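**Q** If it helps, the file is called final_31.cif and holds mmCIF, C-alpha atoms and all ligand atoms; chains and numbers go by the auth columns:
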```cif
data_entry
loop_
_atom_site.group_PDB
_atom_site.id
_atom_site.type_symbol
_atom_site.label_atom_id
_atom_site.label_comp_id
_atom_site.label_asym_id
_atom_site.label_seq_id
_atom_site.Cartn_x
_atom_site.Cartn_y
_atom_site.Cartn_z
_atom_site.B_iso_or_equiv
_atom_site.auth_seq_id
_atom_site.auth_asym_id
ATOM 1 C CA MET A 1 -5.564 21.861 21.351 0.00 1406 A
ATOM 2 C CA SER A 2 -9.254 22.073 22.190 0.00 1407 A
ATOM 3 C CA GLU A 3 -9.874 22.886 18.513 0.00 1408 A
ATOM 4 C CA SER A 4 -8.246 19.630 17.340 0.00 1409 A
ATOM 5 C CA ILE A 5 -10.175 17.578 19.927 0.00 1410 A
ATOM 6 C CA SER A 6 -13.457 19.062 18.835 0.00 1411 A
ATOM 7 C CA SER A 7 -12.625 18.393 15.142 0.00 1412 A
ATOM 8 C CA VAL A 8 -11.937 14.704 15.894 0.00 1413 A
ATOM 9 C CA GLN A 9 -15.207 14.524 17.792 0.00 1414 A
ATOM 10 C CA GLU A 10 -16.940 16.113 14.820 0.00 1415 A
ATOM 11 C CA ILE A 11 -15.505 13.521 12.415 0.00 1416 A
ATOM 12 C CA GLY A 12 -16.564 10.614 14.614 0.00 1417 A
ATOM 13 C CA THR A 13 -14.742 7.290 14.954 0.00 1418 A
ATOM 14 C CA ASP A 14 -16.925 5.671 12.269 0.00 1419 A
ATOM 15 C CA GLU A 15 -15.213 7.785 9.606 0.00 1420 A
ATOM 16 C CA LEU A 16 -11.632 7.096 10.688 0.00 1421 A
ATOM 17 C CA PRO A 17 -9.814 4.580 8.454 0.00 1422 A
ATOM 18 C CA VAL A 18 -9.759 1.044 9.848 0.00 1423 A
ATOM 19 C CA ILE A 19 -6.169 -0.234 10.113 0.00 1424 A
ATOM 20 C CA GLU A 20 -5.764 -3.945 10.742 0.00 1425 A
ATOM 21 C CA PRO A 21 -2.138 -4.943 11.369 0.00 1426 A
ATOM 22 C CA ASP A 22 -1.140 -8.427 10.241 0.00 1427 A
ATOM 23 C CA PRO A 23 1.170 -9.945 12.905 0.00 1428 A
ATOM 24 C CA SER A 24 2.377 -12.665 10.495 0.00 1429 A
ATOM 25 C CA PHE A 25 3.488 -10.193 7.815 0.00 1430 A
ATOM 26 C CA MET A 26 7.164 -10.106 8.842 0.00 1431 A
ATOM 27 C CA LYS A 27 7.297 -13.920 8.848 0.00 1432 A
ATOM 28 C CA GLN A 28 5.875 -13.929 5.317 0.00 1433 A
ATOM 29 C CA MET A 29 8.441 -11.308 4.269 0.00 1434 A
ATOM 30 C CA LEU A 30 11.315 -13.450 5.556 0.00 1435 A
ATOM 31 C CA GLU A 31 9.957 -16.454 3.654 0.00 1436 A
ATOM 32 C CA MET A 32 9.984 -14.339 0.491 0.00 1437 A
ATOM 33 C CA GLY A 33 13.660 -13.490 0.908 0.00 1438 A
ATOM 34 C CA SER A 34 13.452 -10.196 2.775 0.00 1439 A
ATOM 35 C CA PRO A 35 16.375 -9.459 5.108 0.00 1440 A
ATOM 36 C CA GLN A 36 15.779 -8.731 8.784 0.00 1441 A
ATOM 37 C CA ILE A 37 14.672 -5.138 9.310 0.00 1442 A
ATOM 38 C CA SER A 38 14.673 -5.076 13.101 0.00 1443 A
ATOM 39 C CA PRO A 39 18.044 -3.169 13.215 0.00 1444 A
ATOM 40 C CA CYS A 40 16.358 -0.121 11.615 0.00 1445 A
ATOM 41 C CA PHE A 41 16.175 2.731 14.127 0.00 1446 A
ATOM 42 C CA GLN A 42 14.420 5.210 11.827 0.00 1447 A
ATOM 43 C CA CYS A 43 17.346 7.577 11.264 0.00 1448 A
ATOM 44 C CA LEU A 44 15.944 8.559 7.790 0.00 1449 A
ATOM 45 C CA LYS A 45 19.338 8.377 6.072 0.00 1450 A
ATOM 46 C CA CYS A 46 17.871 6.025 3.430 0.00 1451 A
ATOM 47 C CA SER A 47 15.004 8.369 2.607 0.00 1452 A
ATOM 48 C CA SER A 48 17.118 11.510 2.506 0.00 1453 A
ATOM 49 C CA GLY A 49 19.358 9.951 -0.152 0.00 1454 A
ATOM 50 C CA CYS A 50 16.741 8.073 -2.192 0.00 1455 A
ATOM 51 C CA PRO A 51 16.644 9.476 -5.770 0.00 1456 A
ATOM 52 C CA LEU A 52 13.038 8.300 -6.218 0.00 1457 A
ATOM 53 C CA GLY A 53 11.773 9.518 -2.841 0.00 1458 A
ATOM 54 C CA PHE A 54 10.222 12.642 -4.414 0.00 1459 A
ATOM 55 C CA ALA A 55 7.747 10.450 -6.341 0.00 1460 A
ATOM 56 C CA MET A 56 6.925 7.908 -3.614 0.00 1461 A
ATOM 57 C CA ASP A 57 3.769 8.001 -1.521 0.00 1462 A
ATOM 58 C CA HIS A 58 5.693 6.574 1.459 0.00 1463 A
ATOM 59 C CA LEU A 59 9.424 7.130 1.886 0.00 1464 A
ATOM 60 C CA PRO A 60 11.744 4.125 2.300 0.00 1465 A
ATOM 61 C CA HIS A 61 12.092 4.496 6.099 0.00 1466 A
ATOM 62 C CA GLN A 62 8.302 4.682 6.341 0.00 1467 A
ATOM 63 C CA ILE A 63 7.942 1.473 4.344 0.00 1468 A
ATOM 64 C CA ILE A 64 10.281 -0.241 6.826 0.00 1469 A
ATOM 65 C CA ARG A 65 8.261 1.045 9.772 0.00 1470 A
ATOM 66 C CA MET A 66 4.984 -0.011 8.192 0.00 1471 A
ATOM 67 C CA VAL A 67 6.324 -3.531 7.627 0.00 1472 A
ATOM 68 C CA GLN A 68 7.491 -3.667 11.261 0.00 1473 A
ATOM 69 C CA MET A 69 3.980 -2.635 12.325 0.00 1474 A
ATOM 70 C CA GLY A 70 2.355 -5.299 10.137 0.00 1475 A
ATOM 71 C CA LEU A 71 0.529 -2.800 7.913 0.00 1476 A
ATOM 72 C CA LYS A 72 0.431 -5.268 5.056 0.00 1477 A
ATOM 73 C CA HIS A 73 -2.462 -3.860 3.065 0.00 1478 A
ATOM 74 C CA GLU A 74 -1.109 -0.298 3.165 0.00 1479 A
ATOM 75 C CA VAL A 75 2.423 -1.317 2.143 0.00 1480 A
ATOM 76 C CA LEU A 76 1.380 -3.612 -0.695 0.00 1481 A
ATOM 77 C CA ALA A 77 -0.890 -0.917 -2.122 0.00 1482 A
ATOM 78 C CA SER A 78 1.832 1.746 -2.058 0.00 1483 A
ATOM 79 C CA SER A 79 3.558 3.231 -5.094 0.00 1484 A
ATOM 80 C CA ALA A 80 6.948 3.150 -3.341 0.00 1485 A
ATOM 81 C CA ILE A 81 7.409 -0.605 -3.764 0.00 1486 A
ATOM 82 C CA TRP A 82 7.096 -0.221 -7.554 0.00 1487 A
ATOM 83 C CA LEU A 83 9.105 2.997 -7.867 0.00 1488 A
ATOM 84 C CA CYS A 84 12.185 1.673 -6.055 0.00 1489 A
ATOM 85 C CA ALA A 85 14.863 1.219 -8.713 0.00 1490 A
ATOM 86 C CA SER A 86 17.112 -1.034 -6.585 0.00 1491 A
ATOM 87 C CA CYS A 87 19.876 1.530 -6.977 0.00 1492 A
ATOM 88 C CA GLU A 88 21.305 0.601 -3.527 0.00 1493 A
ATOM 89 C CA THR A 89 21.945 4.224 -2.493 0.00 1494 A
ATOM 90 C CA CYS A 90 20.026 3.548 0.710 0.00 1495 A
ATOM 91 C CA VAL A 91 22.105 0.462 1.483 0.00 1496 A
ATOM 92 C CA THR A 92 25.341 2.418 1.274 0.00 1497 A
ATOM 93 C CA ARG A 93 23.913 5.119 3.568 0.00 1498 A
ATOM 94 C CA CYS A 94 22.264 2.886 6.168 0.00 1499 A
ATOM 95 C CA PRO A 95 24.297 2.682 9.415 0.00 1500 A
ATOM 96 C CA ASN A 96 22.710 -0.701 10.141 0.00 1501 A
ATOM 97 C CA GLY A 97 23.161 -2.314 6.739 0.00 1502 A
ATOM 98 C CA VAL A 98 19.421 -2.729 6.128 0.00 1503 A
ATOM 99 C CA GLU A 99 19.054 -3.992 2.567 0.00 1504 A
ATOM 100 C CA LEU A 100 16.032 -2.027 1.447 0.00 1505 A
ATOM 101 C CA PRO A 101 16.050 -3.176 -2.202 0.00 1506 A
ATOM 102 C CA ARG A 102 15.593 -6.778 -1.024 0.00 1507 A
ATOM 103 C CA VAL A 103 12.741 -5.629 1.207 0.00 1508 A
ATOM 104 C CA MET A 104 11.119 -3.949 -1.814 0.00 1509 A
ATOM 105 C CA ASP A 105 11.673 -7.107 -3.911 0.00 1510 A
ATOM 106 C CA ALA A 106 9.872 -9.246 -1.348 0.00 1511 A
ATOM 107 C CA LEU A 107 7.014 -6.729 -1.158 0.00 1512 A
ATOM 108 C CA ARG A 108 6.589 -6.715 -4.943 0.00 1513 A
ATOM 109 C CA GLN A 109 6.557 -10.505 -5.054 0.00 1514 A
ATOM 110 C CA ILE A 110 3.931 -10.742 -2.303 0.00 1515 A
ATOM 111 C CA ALA A 111 1.825 -8.076 -4.037 0.00 1516 A
ATOM 112 C CA VAL A 112 1.967 -9.974 -7.356 0.00 1517 A
ATOM 113 C CA ARG A 113 1.294 -13.321 -5.701 0.00 1518 A
ATOM 114 C CA GLU A 114 -1.713 -12.010 -3.767 0.00 1519 A
ATOM 115 C CA GLY A 115 -3.172 -10.134 -6.727 0.00 1520 A
ATOM 116 C CA VAL A 116 -2.922 -6.671 -5.145 0.00 1521 A
ATOM 117 C CA ARG A 117 -3.671 -4.026 -7.755 0.00 1522 A
ATOM 118 C CA PRO A 118 -0.338 -2.211 -8.283 0.00 1523 A
ATOM 119 C CA ALA A 119 -0.266 1.528 -7.591 0.00 1524 A
ATOM 120 C CA GLU A 120 2.073 1.905 -10.597 0.00 1525 A
ATOM 121 C CA GLU A 121 0.487 -0.302 -13.254 0.00 1526 A
ATOM 122 C CA GLU A 122 2.991 0.337 -16.045 0.00 1527 A
ATOM 123 C CA ILE A 123 5.956 -0.478 -13.808 0.00 1528 A
ATOM 124 C CA ALA A 124 4.194 -3.675 -12.705 0.00 1529 A
ATOM 125 C CA LYS A 125 3.698 -4.603 -16.371 0.00 1530 A
ATOM 126 C CA PHE A 126 7.395 -4.019 -17.009 0.00 1531 A
ATOM 127 C CA HIS A 127 8.205 -6.181 -13.973 0.00 1532 A
ATOM 128 C CA ASP A 128 5.996 -9.024 -15.315 0.00 1533 A
ATOM 129 C CA SER A 129 7.551 -8.693 -18.795 0.00 1534 A
ATOM 130 C CA PHE A 130 11.057 -8.824 -17.307 0.00 1535 A
ATOM 131 C CA MET A 131 10.250 -11.938 -15.249 0.00 1536 A
ATOM 132 C CA ASP A 132 8.658 -13.657 -18.276 0.00 1537 A
ATOM 133 C CA GLU A 133 11.797 -12.935 -20.273 0.00 1538 A
ATOM 134 C CA ILE A 134 14.035 -14.487 -17.601 0.00 1539 A
ATOM 135 C CA ARG A 135 11.768 -17.541 -17.370 0.00 1540 A
ATOM 136 C CA CYS A 136 11.804 -17.982 -21.145 0.00 1541 A
ATOM 137 C CA SER A 137 15.453 -17.286 -22.025 0.00 1542 A
ATOM 138 C CA GLY A 138 17.279 -17.295 -18.719 0.00 1543 A
ATOM 139 C CA ARG A 139 18.433 -13.758 -19.483 0.00 1544 A
ATOM 140 C CA VAL A 140 17.027 -10.522 -20.886 0.00 1545 A
ATOM 141 C CA HIS A 141 16.944 -9.802 -24.599 0.00 1546 A
ATOM 142 C CA GLU A 142 15.978 -6.144 -24.867 0.00 1547 A
ATOM 143 C CA MET A 143 13.964 -6.383 -28.106 0.00 1548 A
ATOM 144 C CA SER A 144 11.893 -9.299 -26.756 0.00 1549 A
ATOM 145 C CA LEU A 145 11.416 -7.476 -23.469 0.00 1550 A
ATOM 146 C CA ILE A 146 10.144 -4.402 -25.293 0.00 1551 A
ATOM 147 C CA GLY A 147 7.777 -6.621 -27.334 0.00 1552 A
ATOM 148 C CA ARG A 148 6.341 -8.218 -24.185 0.00 1553 A
ATOM 149 C CA TYR A 149 5.951 -4.842 -22.499 0.00 1554 A
ATOM 150 C CA LYS A 150 4.258 -3.300 -25.548 0.00 1555 A
ATOM 151 C CA ARG A 151 1.797 -6.190 -25.773 0.00 1556 A
ATOM 152 C CA ARG A 152 0.827 -5.571 -22.149 0.00 1557 A
ATOM 153 C CA THR A 153 0.558 -1.782 -22.315 0.00 1558 A
ATOM 154 C CA ARG A 154 -0.620 -1.497 -25.959 0.00 1559 A
ATOM 155 C CA GLN A 155 1.405 1.706 -26.229 0.00 1560 A
ATOM 156 C CA TRP A 156 2.929 0.527 -29.488 0.00 1561 A
ATOM 157 C CA PHE A 157 4.589 3.738 -30.629 0.00 1562 A
ATOM 158 C CA GLN A 158 5.600 5.331 -27.325 0.00 1563 A
ATOM 159 C CA ASP A 159 9.391 5.843 -27.433 0.00 1564 A
ATOM 160 C CA ALA A 160 9.501 4.407 -30.981 0.00 1565 A
ATOM 161 C CA GLY A 161 11.950 7.115 -32.122 0.00 1566 A
ATOM 162 C CA LEU A 162 14.278 6.431 -29.216 0.00 1567 A
ATOM 163 C CA GLY A 163 14.077 2.672 -29.849 0.00 1568 A
ATOM 164 C CA ALA A 164 14.968 3.144 -33.525 0.00 1569 A
ATOM 165 C CA ARG A 165 17.972 5.313 -32.639 0.00 1570 A
ATOM 166 C CA MET A 166 19.202 2.761 -30.089 0.00 1571 A
ATOM 167 C CA PHE A 167 18.810 -0.031 -32.645 0.00 1572 A
ATOM 168 C CA LEU A 168 20.754 1.909 -35.298 0.00 1573 A
ATOM 169 C CA ARG A 169 23.570 2.493 -32.825 0.00 1574 A
ATOM 170 C CA GLY A 170 23.761 -1.211 -32.016 0.00 1575 A
ATOM 171 C CA ARG A 171 22.371 -0.802 -28.493 0.00 1576 A
ATOM 172 C CA LEU A 172 19.573 -3.324 -29.075 0.00 1577 A
ATOM 173 C CA GLY A 173 20.583 -6.805 -30.163 0.00 1578 A
ATOM 174 C CA PHE A 174 18.378 -8.290 -32.890 0.00 1579 A
ATOM 175 C CA LEU A 175 18.674 -12.019 -32.156 0.00 1580 A
ATOM 176 C CA PRO A 176 18.005 -13.346 -28.640 0.00 1581 A
ATOM 177 C CA GLU A 177 20.573 -15.448 -26.801 0.00 1582 A
ATOM 178 C CA LYS A 178 19.384 -18.097 -24.390 0.00 1583 A
ATOM 179 C CA VAL A 179 21.292 -19.650 -21.519 0.00 1584 A
ATOM 180 C CA LYS A 180 21.770 -23.413 -21.835 0.00 1585 A
ATOM 181 C CA ASP A 181 20.225 -24.621 -18.598 0.00 1586 A
ATOM 182 C CA ARG A 182 17.043 -22.604 -18.449 0.00 1587 A
ATOM 183 C CA ASP A 183 15.373 -25.104 -16.104 0.00 1588 A
ATOM 184 C CA LYS A 184 17.990 -24.269 -13.504 0.00 1589 A
ATOM 185 C CA VAL A 185 17.158 -20.553 -13.809 0.00 1590 A
ATOM 186 C CA ARG A 186 13.437 -21.335 -13.441 0.00 1591 A
ATOM 187 C CA SER A 187 14.150 -23.440 -10.384 0.00 1592 A
ATOM 188 C CA ILE A 188 16.140 -20.542 -8.829 0.00 1593 A
ATOM 189 C CA LEU A 189 13.178 -18.237 -9.473 0.00 1594 A
ATOM 190 C CA ARG A 190 10.772 -20.705 -7.889 0.00 1595 A
ATOM 191 C CA LYS A 191 13.016 -21.090 -4.841 0.00 1596 A
ATOM 192 C CA GLY A 192 13.174 -17.305 -4.551 0.00 1597 A
ATOM 193 C CA GLY A 193 9.377 -17.228 -4.432 0.00 1598 A
ATOM 194 C CA ALA A 194 8.853 -15.665 -7.877 0.00 1599 A
ATOM 195 C CA ARG A 195 5.547 -16.617 -9.385 0.00 1600 A
HETATM 196 S S1 LIG B . 19.003 4.296 6.926 0.00 1 B
HETATM 197 FE FE1 LIG B . 18.758 2.216 7.756 0.00 1 B
HETATM 198 S S2 LIG B . 18.441 2.505 9.961 0.00 1 B
HETATM 199 FE FE2 LIG B . 18.139 4.491 8.970 0.00 1 B
HETATM 200 S S3 LIG B . 15.897 4.585 8.603 0.00 1 B
HETATM 201 FE FE3 LIG B . 16.843 3.773 6.748 0.00 1 B
HETATM 202 S S4 LIG B . 16.753 1.543 6.981 0.00 1 B
HETATM 203 FE FE4 LIG B . 16.426 2.438 8.996 0.00 1 B
HETATM 204 S S1 LIG B . 17.242 1.166 -3.684 0.00 2 B
HETATM 205 FE FE1 LIG B . 15.141 1.939 -3.827 0.00 2 B
HETATM 206 S S2 LIG B . 14.663 2.745 -1.780 0.00 2 B
HETATM 207 FE FE2 LIG B . 16.900 2.519 -1.937 0.00 2 B
HETATM 208 S S3 LIG B . 17.646 4.530 -2.596 0.00 2 B
HETATM 209 FE FE3 LIG B . 17.385 3.286 -4.451 0.00 2 B
HETATM 210 S S4 LIG B . 15.316 3.739 -5.159 0.00 2 B
HETATM 211 FE FE4 LIG B . 15.447 4.456 -3.031 0.00 2 B
#
```
Just give me the structure as structure tokens.
Ligand code: SF4
Ligand code: SF4
**A**
Amino acid sequence: MSESISSVQEIGTDELPVIEPDPSFMKQMLEMGSPQISPCFQCLKCSSGCPLGFAMDHLPHQIIRMVQMGLKHEVLASSAIWLCASCETCVTRCPNGVELPRVMDALRQIAVREGVRPAEEEIAKFHDSFMDEIRCSGRVHEMSLIGRYKRRTRQWFQDAGLGARMFLRGRLGFLPEKVKDRDKVRSILRKGGAR
């Protein structure tokens, strides 16, 4: 015990990270479509079942706690919000019905809107490409999506062999299909807070 006290004294308070909670963060989250997270009692069932937890810097239950504490900067800079695959495993395991994928959605949207540098840049580029595709066609055409993503990442030939095989097996449609009322789709996106 005395050893840990002396090591803190040696570090000095000047070198400890400054954490500035944002009390309005939860209000902003709700405006961006996040569900209420107050029922969470930190049982960890979401994190113990999350298939992407091994790669995240903060586990799903920790993200919830950080949002509750108003740690906006730390949450928006985390890799977890970009790695979440919206698989809903956590939702089915949560005893309180906390909809974590919607929490992650709201966090991604706030991060994009506020220009926070994403911890997972390639996933963020895929996210932007996906949203552009929805705005343009009202739905996703895989070939166009791949084109948008490649233009952003400039990794032209990564996965080229896999793409060719999928195309030959008819898994990638050649011509895009657009929904008729694309303005309505754009208006839904705007109402949902998407940039
Ligand atoms: S499973 Fe639900 S209640 Fe438990 S920590 Fe996760 S979000 Fe909170
Ligand atoms: S929805 Fe996201 S946080 Fe929940 S289990 Fe799937 S990857 Fe993990």
**Q** Skipping near chain neighbours, those fewer than 6 positions away, what residues fall within 10 Å of Gln1433 (chain A) using all atoms listed in the file, listed as a list in words?
**A**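 Final neighbour list, sorted by chain and number: Ser1439, Ala1511, Leu1512 and Ile1515 of chain A.
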**Q** Quick check on the file I pasted: which residues fall under the PyMOL selection byres (((not hetatm)) within 8 of (chain B and resi 2))? Write them as an mmCIF file with C-alpha atoms, in the frame of the given file.
**A**
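What ended up in result28.cif:
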```cif
data_model
loop_
_atom_site.group_PDB
_atom_site.id
_atom_site.type_symbol
_atom_site.label_atom_id
_atom_site.label_comp_id
_atom_site.auth_asym_id
_atom_site.auth_seq_id
_atom_site.Cartn_x
_atom_site.Cartn_y
_atom_site.Cartn_z
ATOM 1 C CA CYS A 1451 17.871 6.025 3.430
ATOM 2 C CA SER A 1452 15.004 8.369 2.607
ATOM 3 C CA GLY A 1454 19.358 9.951 -0.152
ATOM 4 C CA CYS A 1455 16.741 8.073 -2.192
ATOM 5 C CA PRO A 1456 16.644 9.476 -5.770
ATOM 6 C CA LEU A 1457 13.038 8.300 -6.218
ATOM 7 C CA GLY A 1458 11.773 9.518 -2.841
ATOM 8 C CA LEU A 1464 9.424 7.130 1.886
ATOM 9 C CA PRO A 1465 11.744 4.125 2.300
ATOM 10 C CA ALA A 1485 6.948 3.150 -3.341
ATOM 11 C CA LEU A 1488 9.105 2.997 -7.867
ATOM 12 C CA CYS A 1489 12.185 1.673 -6.055
ATOM 13 C CA ALA A 1490 14.863 1.219 -8.713
ATOM 14 C CA SER A 1491 17.112 -1.034 -6.585
ATOM 15 C CA CYS A 1492 19.876 1.530 -6.977
ATOM 16 C CA GLU A 1493 21.305 0.601 -3.527
ATOM 17 C CA THR A 1494 21.945 4.224 -2.493
ATOM 18 C CA CYS A 1495 20.026 3.548 0.710
ATOM 19 C CA VAL A 1496 22.105 0.462 1.483
ATOM 20 C CA LEU A 1505 16.032 -2.027 1.447
ATOM 21 C CA PRO A 1506 16.050 -3.176 -2.202
ATOM 22 C CA MET A 1509 11.119 -3.949 -1.814
#
```
**Q** Quick one: apply the PyMOL selection byres (((chain A and resi 1524) around 8) and not hetatm) to the file and drop the selected residues here as a list in words.
**A**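 Against this file, the PyMOL selection byres (((chain A and resi 1524) around 8) and not hetatm) returns the residues Ala1482, Ser1483, Ser1484, Trp1487, Arg1522, Pro1523, Glu1525 and Glu1526 of chain A.
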**Q** Please report the interatomic distance between CA of Val1584 (chain A) and CA of Ser1542 (chain A) in Å with one decimal.
**A**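 Going from CA of Val1584 (chain A) over to CA of Ser1542 (chain A) covers 6.3 Å.
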**Q** Got a sec to check which residues lie within 9 Å of ligand LIG 1 (chain B), using only C-alpha atoms and all ligand atoms, and send them as a list in words?
**A**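 Those within range of ligand LIG 1 (chain B) are Ile1442, Ser1443, Pro1444, Cys1445, Phe1446, Gln1447, Cys1448, Leu1449, Lys1450, Cys1451, Ser1452, Ser1453, Pro1465, His1466, Gln1467, Ile1469, Arg1470, Cys1495, Val1496, Thr1497, Arg1498, Cys1499, Pro1500, Asn1501, Gly1502, Val1503, Glu1504 and Leu1505 of chain A.
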**Q** Counting all atoms listed in the file, which residue out of A:Met1474, A:Met1461, A:Val1545, A:Met1437 sits closest to Ile1424 (chain A)?
**A**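 Closest to Ile1424 (chain A), using all atoms listed in the file: A:Met1474.
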**Q** Choose the residue, out of A:Ala1569, A:Val1472, A:Met1536, A:Ala1529, that has the smallest atom-to-atom separation from Phe1430 (chain A); count only C-alpha atoms.
**A**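 With only C-alpha atoms as the atom set, the closest residue is A:Val1472.
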**Q** In Å, with one decimal, what is the gap from CA of Arg1587 (chain A) to CA of Cys1541 (chain A)?
**A**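 Separation between CA of Arg1587 (chain A) and CA of Cys1541 (chain A): 7.5 Å.
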**Q** Which value, in Å to one decimal, gives the distance between CA of Asp1510 (chain A) and CA of Leu1481 (chain A)?
**A**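 Here the two named atoms are 11.3 Å from each other.
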